[in-house]
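Text of run-v4.csv (CSV, C-alpha atoms and all ligand atoms) as supplied:
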chain,number,residue,atom,x,y,z
A,1,MET,CA,53.2,-51.0,-33.6
A,2,ALA,CA,55.4,-48.6,-35.7
A,3,ILE,CA,53.6,-45.6,-37.0
A,4,PRO,CA,53.3,-45.6,-40.8
A,5,GLY,CA,54.7,-42.7,-42.8
A,6,ILE,CA,53.4,-40.6,-45.7
A,7,GLU,CA,55.9,-39.7,-48.5
A,8,MET,CA,56.8,-36.0,-49.0
A,9,ASN,CA,58.0,-34.5,-52.3
A,10,THR,CA,61.6,-35.1,-51.3
A,11,GLY,CA,61.1,-38.9,-51.1
A,12,ARG,CA,61.5,-38.8,-47.3
A,13,SER,CA,58.5,-39.7,-45.2
A,14,ILE,CA,56.7,-38.0,-42.4
A,15,PRO,CA,54.9,-40.1,-39.7
A,16,ALA,CA,51.1,-40.2,-40.1
A,17,ILE,CA,50.7,-38.6,-36.7
A,18,SER,CA,52.7,-36.2,-34.6
A,19,PHE,CA,52.5,-35.3,-31.0
A,20,GLY,CA,51.7,-31.5,-30.7
A,21,THR,CA,53.4,-29.4,-28.0
A,22,GLY,CA,51.4,-26.3,-28.7
A,23,THR,CA,47.8,-25.2,-27.7
A,24,SER,CA,47.4,-26.0,-24.0
A,25,PHE,CA,51.1,-26.7,-23.6
A,26,PHE,CA,52.0,-23.0,-24.4
A,27,ASN,CA,54.9,-21.9,-22.1
A,28,ARG,CA,54.8,-25.1,-20.0
A,29,PRO,CA,58.2,-26.5,-20.9
A,30,ASP,CA,58.4,-28.7,-17.8
A,31,ASP,CA,55.0,-30.3,-18.4
A,32,VAL,CA,56.0,-30.9,-22.0
A,33,ALA,CA,59.2,-32.7,-20.8
A,34,SER,CA,57.2,-35.1,-18.7
A,35,ASN,CA,54.5,-35.7,-21.3
A,36,ILE,CA,57.1,-36.5,-23.9
A,37,ASN,CA,58.1,-39.5,-21.9
A,38,ASP,CA,54.5,-40.8,-21.8
A,39,ALA,CA,53.9,-40.0,-25.5
A,40,TYR,CA,57.1,-41.8,-26.5
A,41,LYS,CA,56.0,-44.9,-24.4
A,42,ALA,CA,52.6,-44.8,-26.1
A,43,GLY,CA,54.3,-45.0,-29.5
A,44,PHE,CA,54.7,-41.4,-30.7
A,45,ARG,CA,58.0,-40.7,-32.6
A,46,CYS,CA,57.1,-37.5,-34.3
A,47,PHE,CA,57.0,-34.3,-32.2
A,48,ASP,CA,55.7,-30.8,-33.3
A,49,THR,CA,56.8,-27.6,-31.7
A,50,ALA,CA,57.4,-23.9,-32.6
A,51,THR,CA,59.4,-21.0,-31.2
A,52,ILE,CA,56.3,-19.1,-30.1
A,53,TYR,CA,54.9,-22.1,-28.1
A,54,GLY,CA,57.8,-21.8,-25.6
A,55,THR,CA,58.1,-25.6,-25.6
A,56,GLU,CA,61.3,-26.2,-27.6
A,57,ILE,CA,63.3,-26.3,-24.4
A,58,GLY,CA,60.9,-28.7,-22.7
A,59,LEU,CA,60.8,-31.0,-25.8
A,60,GLY,CA,64.6,-31.0,-26.0
A,61,LYS,CA,64.8,-31.8,-22.3
A,62,GLY,CA,62.2,-34.6,-22.5
A,63,LEU,CA,64.0,-36.2,-25.5
A,64,LYS,CA,67.4,-35.9,-23.9
A,65,GLU,CA,66.1,-37.8,-20.8
A,66,LEU,CA,64.9,-40.5,-23.1
A,67,ASN,CA,68.3,-40.9,-24.7
A,68,LEU,CA,67.0,-42.1,-28.0
A,69,ASP,CA,68.5,-42.8,-31.4
A,70,ARG,CA,68.1,-39.5,-33.3
A,71,LYS,CA,67.3,-41.3,-36.5
A,72,ASP,CA,64.2,-42.9,-35.0
A,73,LEU,CA,62.6,-39.5,-34.3
A,74,PHE,CA,61.0,-36.9,-36.5
A,75,ILE,CA,61.1,-33.4,-35.0
A,76,THR,CA,59.3,-30.4,-36.5
A,77,SER,CA,59.6,-26.7,-35.4
A,78,LYS,CA,58.3,-23.4,-36.8
A,79,THR,CA,59.9,-20.1,-37.3
A,80,PRO,CA,58.9,-17.2,-35.0
A,81,ASP,CA,56.5,-14.4,-36.2
A,82,TRP,CA,59.4,-11.9,-36.1
A,83,ALA,CA,61.8,-13.6,-38.5
A,84,TRP,CA,61.2,-12.3,-42.1
A,85,ASP,CA,64.6,-12.1,-43.8
A,86,LYS,CA,67.2,-14.7,-44.7
A,87,ASP,CA,69.6,-14.0,-41.9
A,88,SER,CA,67.0,-13.9,-39.1
A,89,ILE,CA,65.4,-17.2,-40.4
A,90,VAL,CA,68.8,-18.9,-40.3
A,91,GLU,CA,69.5,-17.5,-36.8
A,92,SER,CA,66.0,-18.5,-35.6
A,93,VAL,CA,66.6,-22.1,-36.8
A,94,ARG,CA,70.0,-22.2,-35.0
A,95,GLU,CA,68.3,-20.9,-31.8
A,96,SER,CA,65.6,-23.6,-32.1
A,97,LEU,CA,68.3,-26.3,-32.5
A,98,ALA,CA,70.1,-25.0,-29.4
A,99,LYS,CA,66.9,-25.1,-27.3
A,100,LEU,CA,66.0,-28.5,-28.6
A,101,GLN,CA,69.6,-29.8,-28.1
A,102,LEU,CA,69.6,-31.2,-31.6
A,103,ASP,CA,72.0,-30.8,-34.5
A,104,TYR,CA,69.3,-31.0,-37.2
A,105,LEU,CA,65.6,-30.7,-37.5
A,106,ASP,CA,63.5,-33.0,-39.8
A,107,LEU,CA,61.1,-30.3,-40.7
A,108,VAL,CA,60.9,-26.5,-40.3
A,109,LEU,CA,57.8,-24.6,-41.3
A,110,ILE,CA,57.2,-20.8,-41.8
A,111,HIS,CA,54.6,-20.7,-39.0
A,112,THR,CA,52.3,-18.0,-40.4
A,113,PRO,CA,52.0,-16.1,-43.7
A,114,ALA,CA,52.4,-12.8,-41.8
A,115,PRO,CA,53.3,-11.7,-38.3
A,116,ARG,CA,50.3,-11.9,-35.8
A,117,TYR,CA,50.7,-8.7,-33.9
A,118,ASP,CA,47.8,-9.7,-31.5
A,119,MET,CA,49.5,-12.9,-30.5
A,120,LEU,CA,52.9,-11.2,-30.0
A,121,ARG,CA,51.2,-8.7,-27.7
A,122,ARG,CA,49.1,-11.3,-25.9
A,123,LEU,CA,52.2,-13.5,-25.2
A,124,GLY,CA,54.3,-10.4,-24.4
A,125,LEU,CA,56.9,-11.5,-26.9
A,126,LYS,CA,57.5,-8.1,-28.5
A,127,THR,CA,57.2,-4.5,-27.5
A,128,GLU,CA,55.1,-2.0,-29.5
A,129,GLU,CA,58.3,-0.5,-30.8
A,130,GLU,CA,59.5,-3.9,-32.1
A,131,ILE,CA,56.1,-4.7,-33.6
A,132,LYS,CA,56.2,-1.4,-35.5
A,133,ASN,CA,59.4,-2.6,-37.2
A,134,LEU,CA,57.9,-5.8,-38.4
A,135,PRO,CA,56.7,-6.1,-42.0
A,136,ASP,CA,53.2,-4.7,-42.5
A,137,CYS,CA,50.9,-7.8,-42.3
A,138,SER,CA,48.1,-6.0,-44.2
A,139,ASN,CA,50.2,-5.1,-47.2
A,140,GLN,CA,50.3,-7.9,-49.8
A,141,GLU,CA,53.3,-6.5,-51.7
A,142,VAL,CA,55.3,-6.2,-48.5
A,143,MET,CA,54.3,-9.6,-47.3
A,144,ASN,CA,55.0,-11.3,-50.6
A,145,GLY,CA,58.5,-10.0,-50.4
A,146,ALA,CA,58.9,-11.0,-46.8
A,147,ARG,CA,57.5,-14.5,-47.4
A,148,LEU,CA,60.0,-14.9,-50.3
A,149,GLN,CA,63.0,-13.8,-48.2
A,150,ALA,CA,61.9,-16.1,-45.3
A,151,TRP,CA,61.6,-19.0,-47.7
A,152,LEU,CA,65.1,-18.3,-49.2
A,153,GLY,CA,66.3,-18.3,-45.5
A,154,LEU,CA,64.9,-21.8,-45.1
A,155,GLN,CA,66.5,-22.9,-48.4
A,156,VAL,CA,69.9,-21.8,-46.8
A,157,CYS,CA,69.1,-23.9,-43.7
A,158,VAL,CA,68.7,-27.0,-46.0
A,159,GLN,CA,72.1,-26.2,-47.7
A,160,LYS,CA,73.7,-25.8,-44.3
A,161,GLY,CA,72.4,-29.2,-43.1
A,162,LEU,CA,70.4,-27.6,-40.3
A,163,VAL,CA,67.1,-28.9,-41.6
A,164,ARG,CA,66.1,-31.9,-43.8
A,165,ASP,CA,62.8,-30.7,-45.1
A,166,ILE,CA,61.1,-27.3,-45.2
A,167,GLY,CA,57.5,-26.2,-45.5
A,168,VAL,CA,54.9,-23.6,-44.6
A,169,SER,CA,51.9,-23.4,-42.3
A,170,ASN,CA,48.6,-21.6,-42.6
A,171,TYR,CA,49.3,-20.8,-46.3
A,172,THR,CA,46.3,-20.3,-48.6
A,173,VAL,CA,46.3,-21.1,-52.3
A,174,THR,CA,47.1,-17.4,-52.9
A,175,HIS,CA,50.1,-17.4,-50.6
A,176,LEU,CA,51.4,-20.6,-52.2
A,177,LYS,CA,51.0,-19.4,-55.8
A,178,ASN,CA,52.7,-16.1,-55.0
A,179,LEU,CA,55.7,-18.0,-53.5
A,180,LEU,CA,56.0,-20.7,-56.2
A,181,LYS,CA,56.2,-18.1,-59.0
A,182,HIS,CA,59.7,-16.9,-58.0
A,183,GLU,CA,62.6,-18.5,-59.8
A,184,GLU,CA,64.7,-18.3,-56.7
A,185,VAL,CA,62.4,-20.8,-55.1
A,186,THR,CA,64.3,-24.0,-55.9
A,187,ILE,CA,62.6,-26.1,-53.2
A,188,VAL,CA,58.8,-26.6,-53.3
A,189,PRO,CA,57.4,-26.7,-49.7
A,190,ALA,CA,57.2,-30.3,-48.6
A,191,VAL,CA,54.3,-29.6,-46.2
A,192,ASN,CA,51.6,-27.0,-45.6
A,193,GLN,CA,50.4,-27.4,-42.0
A,194,VAL,CA,46.8,-26.1,-41.7
A,195,GLU,CA,43.7,-26.5,-39.6
A,196,TYR,CA,41.9,-29.5,-41.2
A,197,ASN,CA,39.3,-31.9,-39.8
A,198,PRO,CA,35.7,-33.0,-40.8
A,199,TYR,CA,34.3,-29.6,-39.6
A,200,MET,CA,37.1,-27.6,-41.4
A,201,VAL,CA,37.5,-29.1,-44.9
A,202,ASP,CA,39.2,-27.0,-47.6
A,203,THR,CA,38.9,-29.0,-50.8
A,204,PRO,CA,40.4,-26.3,-53.2
A,205,LEU,CA,43.5,-26.1,-50.9
A,206,TYR,CA,43.7,-29.9,-50.7
A,207,GLU,CA,43.5,-30.2,-54.5
A,208,TYR,CA,46.0,-27.4,-55.2
A,209,CYS,CA,48.5,-28.9,-52.7
A,210,LYS,CA,48.0,-32.4,-54.2
A,211,GLU,CA,48.6,-31.1,-57.7
A,212,ASN,CA,51.8,-29.3,-56.6
A,213,LYS,CA,53.0,-32.2,-54.5
A,214,ILE,CA,52.7,-30.3,-51.2
A,215,LEU,CA,51.5,-32.5,-48.4
A,216,ILE,CA,48.7,-31.0,-46.3
A,217,GLN,CA,49.4,-31.7,-42.6
A,218,ALA,CA,46.4,-31.2,-40.3
A,219,PHE,CA,46.6,-29.4,-37.1
A,220,ALA,CA,43.5,-29.6,-34.8
A,221,PRO,CA,42.5,-33.0,-36.5
A,222,LEU,CA,40.0,-33.5,-33.7
A,223,GLY,CA,38.6,-30.0,-34.1
A,224,ASN,CA,40.6,-29.1,-31.0
A,225,GLY,CA,38.6,-31.7,-29.0
A,226,LYS,CA,35.4,-29.7,-29.1
A,227,THR,CA,32.0,-30.2,-30.8
A,228,LEU,CA,33.3,-32.6,-33.6
A,229,MET,CA,33.8,-35.2,-30.9
A,230,GLU,CA,30.1,-35.0,-30.1
A,231,ASP,CA,28.9,-35.2,-33.7
A,232,GLU,CA,26.2,-37.8,-34.2
A,233,VAL,CA,27.6,-39.1,-37.5
A,234,MET,CA,31.1,-39.4,-35.9
A,235,LYS,CA,29.6,-41.3,-33.0
A,236,ARG,CA,27.6,-43.6,-35.2
A,237,VAL,CA,30.6,-44.5,-37.4
A,238,ALA,CA,32.8,-44.9,-34.3
A,239,GLN,CA,30.3,-47.3,-32.8
A,240,LYS,CA,30.2,-49.4,-35.9
A,241,TYR,CA,33.9,-50.1,-35.7
A,242,ASN,CA,34.1,-50.2,-31.9
A,243,LYS,CA,36.3,-47.1,-32.1
A,244,THR,CA,36.0,-43.5,-30.8
A,245,PRO,CA,35.1,-40.3,-32.7
A,246,ALA,CA,38.8,-39.2,-32.3
A,247,GLN,CA,40.0,-42.4,-34.0
A,248,VAL,CA,37.4,-42.0,-36.8
A,249,ALA,CA,38.7,-38.4,-37.4
A,250,LEU,CA,42.3,-39.5,-37.5
A,251,ARG,CA,41.4,-42.4,-39.8
A,252,TRP,CA,39.5,-40.1,-42.1
A,253,ALA,CA,42.6,-37.9,-42.4
A,254,TRP,CA,44.9,-40.9,-42.9
A,255,GLN,CA,42.7,-42.2,-45.8
A,256,LEU,CA,42.9,-38.7,-47.4
A,257,GLY,CA,46.7,-39.0,-47.2
A,258,ILE,CA,46.9,-36.3,-44.6
A,259,PRO,CA,49.3,-36.6,-41.7
A,260,THR,CA,48.0,-35.0,-38.4
A,261,VAL,CA,49.3,-33.2,-35.4
A,262,ASN,CA,47.3,-34.2,-32.4
A,263,LYS,CA,47.6,-33.2,-28.7
A,264,THR,CA,46.6,-34.8,-25.5
A,265,GLU,CA,47.8,-34.6,-21.9
A,266,LYS,CA,46.2,-37.9,-21.0
A,267,THR,CA,48.1,-41.1,-21.2
A,268,ALA,CA,45.1,-43.2,-22.1
A,269,ARG,CA,44.3,-40.9,-25.0
A,270,MET,CA,47.9,-41.0,-26.3
A,271,LYS,CA,47.3,-44.8,-26.8
A,272,GLU,CA,43.8,-44.2,-28.2
A,273,ASN,CA,45.1,-41.6,-30.7
A,274,LEU,CA,47.6,-44.1,-32.2
A,275,ASP,CA,45.1,-46.9,-32.5
A,276,TYR,CA,43.4,-46.3,-35.8
A,277,PHE,CA,45.4,-48.3,-38.3
A,278,ASP,CA,43.4,-51.5,-38.0
A,279,PHE,CA,40.1,-50.6,-39.6
A,280,SER,CA,38.9,-48.9,-42.9
A,281,LEU,CA,36.2,-46.4,-43.6
A,282,THR,CA,34.1,-47.1,-46.7
A,283,ASN,CA,34.0,-44.6,-49.5
A,284,GLN,CA,30.5,-43.7,-48.5
A,285,GLU,CA,31.6,-43.1,-44.9
A,286,MET,CA,34.5,-41.0,-46.1
A,287,GLU,CA,32.1,-38.9,-48.2
A,288,GLU,CA,29.6,-38.6,-45.3
A,289,ILE,CA,32.3,-37.4,-42.9
A,290,THR,CA,33.7,-34.9,-45.4
A,291,SER,CA,30.2,-33.5,-45.9
A,292,LEU,CA,30.0,-32.6,-42.2
A,293,ASN,CA,32.1,-29.6,-43.1
A,294,LYS,CA,31.0,-26.3,-41.5
A,295,ASN,CA,34.2,-24.3,-42.3
A,296,GLU,CA,34.4,-24.1,-38.5
A,297,ARG,CA,37.8,-22.7,-37.4
A,298,ARG,CA,39.2,-22.9,-33.9
A,299,PHE,CA,42.2,-20.9,-34.9
A,300,GLY,CA,42.6,-17.7,-37.0
A,301,ASP,CA,41.6,-17.7,-40.7
A,302,PRO,CA,44.9,-17.4,-42.7
A,303,ALA,CA,43.0,-15.7,-45.5
A,304,ARG,CA,42.9,-12.5,-43.3
A,305,PHE,CA,46.5,-12.0,-44.4
A,306,PRO,CA,46.7,-10.8,-48.1
A,401,LIG,N1,50.6,-24.4,-37.3
A,401,LIG,C1,49.7,-23.8,-36.5
A,401,LIG,O1,49.4,-22.6,-36.6
A,401,LIG,C2,49.1,-24.6,-35.4
A,401,LIG,C3,47.9,-24.1,-34.8
A,401,LIG,C4,47.3,-24.9,-33.8
A,401,LIG,C5,47.9,-26.1,-33.4
A,401,LIG,N2,49.1,-26.5,-34.0
A,401,LIG,C6,49.7,-27.8,-33.6
A,401,LIG,O2,48.7,-28.8,-33.6
A,401,LIG,C7,48.7,-29.4,-32.3
A,401,LIG,C8,47.3,-30.0,-32.0
A,401,LIG,O3,46.3,-29.0,-32.1
A,401,LIG,P1,45.0,-29.2,-31.2
A,401,LIG,O4,45.4,-29.2,-29.8
A,401,LIG,O5,44.0,-28.2,-31.7
A,401,LIG,O6,44.6,-30.7,-31.7
A,401,LIG,P2,43.5,-31.7,-31.5
A,401,LIG,O7,44.2,-33.0,-31.3
A,401,LIG,O8,42.5,-31.5,-32.5
A,401,LIG,O9,42.8,-31.3,-30.1
A,401,LIG,C9,43.4,-31.5,-28.9
A,401,LIG,C10,42.3,-31.4,-27.8
A,401,LIG,O10,41.5,-32.5,-27.9
A,401,LIG,C11,41.5,-33.3,-26.7
A,401,LIG,N3,41.7,-34.7,-27.1
A,401,LIG,C12,42.8,-35.3,-27.4
A,401,LIG,N4,42.6,-36.6,-27.7
A,401,LIG,C13,41.3,-36.8,-27.6
A,401,LIG,C14,40.4,-37.9,-27.7
A,401,LIG,N5,41.0,-39.1,-28.0
A,401,LIG,N6,39.1,-37.8,-27.5
A,401,LIG,C15,38.6,-36.6,-27.1
A,401,LIG,N7,39.3,-35.5,-27.0
A,401,LIG,C16,40.7,-35.6,-27.2
A,401,LIG,C17,42.6,-32.7,-25.9
A,401,LIG,O11,42.4,-32.7,-24.5
A,401,LIG,P3,43.3,-33.4,-23.5
A,401,LIG,O12,44.7,-32.8,-23.6
A,401,LIG,O13,42.6,-33.1,-22.2
A,401,LIG,O14,43.3,-34.9,-23.8
A,401,LIG,C18,42.8,-31.3,-26.5
A,401,LIG,O15,42.0,-30.4,-25.7
A,401,LIG,C19,49.2,-28.3,-31.3
A,401,LIG,O16,49.6,-28.8,-30.1
A,401,LIG,C20,50.3,-27.8,-32.2
A,401,LIG,O17,51.4,-28.6,-32.1
A,401,LIG,C21,49.6,-25.8,-35.0

Rewrite the structure of this file - the entire thing - as structure tokens.
Amino acid sequence: MAIPGIEMNTGRSIPAISFGTGTSFFNRPDDVASNINDAYKAGFRCFDTATIYGTEIGLGKGLKELNLDRKDLFITSKTPDWAWDKDSIVESVRESLAKLQLDYLDLVLIHTPAPRYDMLRRLGLKTEEEIKNLPDCSNQEVMNGARLQAWLGLQVCVQKGLVRDIGVSNYTVTHLKNLLKHEEVTIVPAVNQVEYNPYMVDTPLYEYCKENKILIQAFAPLGNGKTLMEDEVMKRVAQKYNKTPAQVALRWAWQLGIPTVNKTEKTARMKENLDYFDFSLTNQEMEEITSLNKNERRFGDPARFP
């Protein structure tokens, strides 16, 4: 079955579910290459990567081996935490394309509203000297300027045909408002990819994005496969429809108009995670699942960046 799409503000559509090559795939390009084959066979056509995942090369290799028609795929990548001016953004997108062996990307996101020094250190991606030269992640004025320049860089990438659609990730309402007020911003982000699932519901962000025609895309839609999958309400609703808690979480997002980025290394789960388009949650079930919210994050709170 073809995966349905959700329309973005450019009129193009993004598949309802993407296959994520982050989290446990970090820096395992060869494993990504082999998993892509299984994910494609299961039905995934949309693949999500990022420079800092270290999986662009593996995804490119996996896709090359499959020898597919480019137009049947939707490929998303994200800018590295060290690119904060126009030129370095354009350069980073060109580097992503080279690693992916592609001549355009469907979607590129600014990965984070400010450089995550801790992550750069942990992954050994930058030296202390290089980190010192990055914009100050705790200074709102500095970061507003850096976020604007990075966005203008992505707009250049669109003009150059390197990217079809552009967006952001981990942006709060404040980050979005501060970006959209600039008259140089001629393209409204198509997508804001954030942590979103029944345990991490952010209604004010959802409403703001809806009003401004920015599509929320959920990463960790299964709550990173942790306690949400054991929730009694999720299990009860799943049993009613002869589905699994994972399929209920994905269906809940779909009924909210939220595309998701899901990840699994298990072939059976790849099929399971695409099989949620044949049942409907009632309004009451949608509300009950939304009310499970605990503001429980498995990833960093983007509001820590001013
Ligand atoms: N923009 C950002 O800052 C950002 C941050 C985090 C993630 N992401 C993107 O989002 C992707 C997904 O994030 P995530 O890994 O947290 O997503 P997720 O889909 O919520 O959780 C994946 C976890 O759930 C397990 N799982 C998968 N299918 C399952 C099922 N049907 N039943 C029970 N457990 C299941 C997986 O284990 P197995 O592999 O063992 O099946 C894995 O441990 C990443 O790979 C990345 O591409 C983006």

Please tabulate, as a tab-separated table, the residues of chain A that come within 9 Å of ligand LIG 401 (chain A), each with its closest pair of atoms and the distance in Å to one decimal, counting only C-alpha atoms and all ligand atoms and ordering rows by chain, then residue number upward.
residue	atom	partner	partner_atom	distance
A:Ser18	CA	A:LIG401	O17	8.1
A:Phe19	CA	A:LIG401	O17	6.9
A:Gly20	CA	A:LIG401	O17	3.2
A:Thr21	CA	A:LIG401	O16	4.4
A:Gly22	CA	A:LIG401	O16	3.4
A:Thr23	CA	A:LIG401	O16	4.7
A:Ser24	CA	A:LIG401	O4	6.9
A:Phe25	CA	A:LIG401	O16	7.0
A:Phe26	CA	A:LIG401	O16	8.5
A:Phe47	CA	A:LIG401	O17	8.0
A:Asp48	CA	A:LIG401	O17	5.0
A:Thr49	CA	A:LIG401	O17	5.5
A:Ala50	CA	A:LIG401	O17	7.6
A:Tyr53	CA	A:LIG401	C20	8.4
A:Lys78	CA	A:LIG401	N1	7.8
A:Leu109	CA	A:LIG401	N1	8.2
A:Ile110	CA	A:LIG401	N1	8.8
A:His111	CA	A:LIG401	N1	5.7
A:Thr112	CA	A:LIG401	O1	6.6
A:Val168	CA	A:LIG401	N1	8.5
A:Ser169	CA	A:LIG401	N1	5.3
A:Asn170	CA	A:LIG401	O1	6.1
A:Asn192	CA	A:LIG401	N1	8.8
A:Gln193	CA	A:LIG401	N1	5.6
A:Val194	CA	A:LIG401	N1	6.1
A:Glu195	CA	A:LIG401	C3	6.8
A:Tyr196	CA	A:LIG401	O8	8.9
A:Asn197	CA	A:LIG401	O8	8.0
A:Ala218	CA	A:LIG401	O2	7.5
A:Phe219	CA	A:LIG401	O2	4.1
A:Ala220	CA	A:LIG401	O8	3.1
A:Pro221	CA	A:LIG401	O8	4.3
A:Leu222	CA	A:LIG401	O8	3.4
A:Gly223	CA	A:LIG401	O8	4.5
A:Asn224	CA	A:LIG401	O9	3.2
A:Gly225	CA	A:LIG401	O10	3.2
A:Lys226	CA	A:LIG401	O10	6.8
A:Met229	CA	A:LIG401	C15	6.3
A:Thr244	CA	A:LIG401	N5	7.2
A:Pro245	CA	A:LIG401	N6	7.0
A:Ala246	CA	A:LIG401	N5	4.8
A:Gln247	CA	A:LIG401	N5	6.9
A:Thr260	CA	A:LIG401	O2	7.9
A:Val261	CA	A:LIG401	O2	4.8
A:Asn262	CA	A:LIG401	O7	3.5
A:Lys263	CA	A:LIG401	O7	4.3
A:Thr264	CA	A:LIG401	O12	3.3
A:Glu265	CA	A:LIG401	O12	4.0
A:Lys266	CA	A:LIG401	O14	5.0
A:Thr267	CA	A:LIG401	O14	8.3
A:Ala268	CA	A:LIG401	N5	8.3
A:Arg269	CA	A:LIG401	N5	4.8
A:Met270	CA	A:LIG401	N4	7.0
A:Lys271	CA	A:LIG401	N5	8.6
A:Glu272	CA	A:LIG401	N5	5.8
A:Asn273	CA	A:LIG401	N5	5.5
A:Arg298	CA	A:LIG401	O5	7.5
A:Phe299	CA	A:LIG401	C3	6.5
A:Gly300	CA	A:LIG401	O1	8.4

To one decimal in Å, tell me the separation between atom CA of Phe305 of chain A and atom CA of Tyr171 of chain A.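 About the pair atom CA of Phe305 of chain A and atom CA of Tyr171 of chain A: they are 9.4 Å apart.
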
Can you list, as an MDAnalysis selection string, every protein, DNA or RNA residue that comes within 8 Å of segment 158-162 of chain A when you count all atoms listed in the file, leaving out same-chain residues fewer than 3 positions away? chainID A and resid 93:94 103:105 154:155 165:166

Can you measure atom CA of Val163 of chain A to atom CA of Glu130 of chain A for me? One decimal in Å is fine. 27.8 Å

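If all atoms listed in the file are the atoms counted, then among A:Ser77, A:Thr55, A:Thr174, A:Asn139 the closest residue to Val108 of chain A is A:Ser77.
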
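Atom CA of Gln149 of chain A sits 27.9 Å away from atom CA of Ile258 of chain A.
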
Between A:Leu256, A:Leu73, A:Met234, A:Ile89, smallest distance to Leu102 of chain A by all atoms listed in the file belongs to A:Leu73

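Of the residues listed (A:Arg147, A:Lys41, A:Lys177, A:Lys61), A:Arg147 shows the shortest atom-to-atom separation from Ala83 of chain A; distances use all atoms listed in the file.
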
With distances taken over only C-alpha atoms, which of A:Leu274, A:Leu281, A:Leu134, A:Cys209 is nearest to Met8 of chain A?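 The answer is A:Cys209, which sits nearest to Met8 of chain A.
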
Mind checking which residues fall within 9 Å of Ser280 of chain A, counting all atoms listed in the file, ignoring those fewer than 2 positions away in the same chain, and posting them as number ranges by chain? A: 241, 251-252, 255, 276-278, 282

Using only C-alpha atoms, determine which residues lie at most 12 Å from Glu207 of chain A, disregarding the query and same-chain residues fewer than 6 positions distant; provide the list as a PyMOL selection string. chain A and resi 172-173+201+213-216+256-257
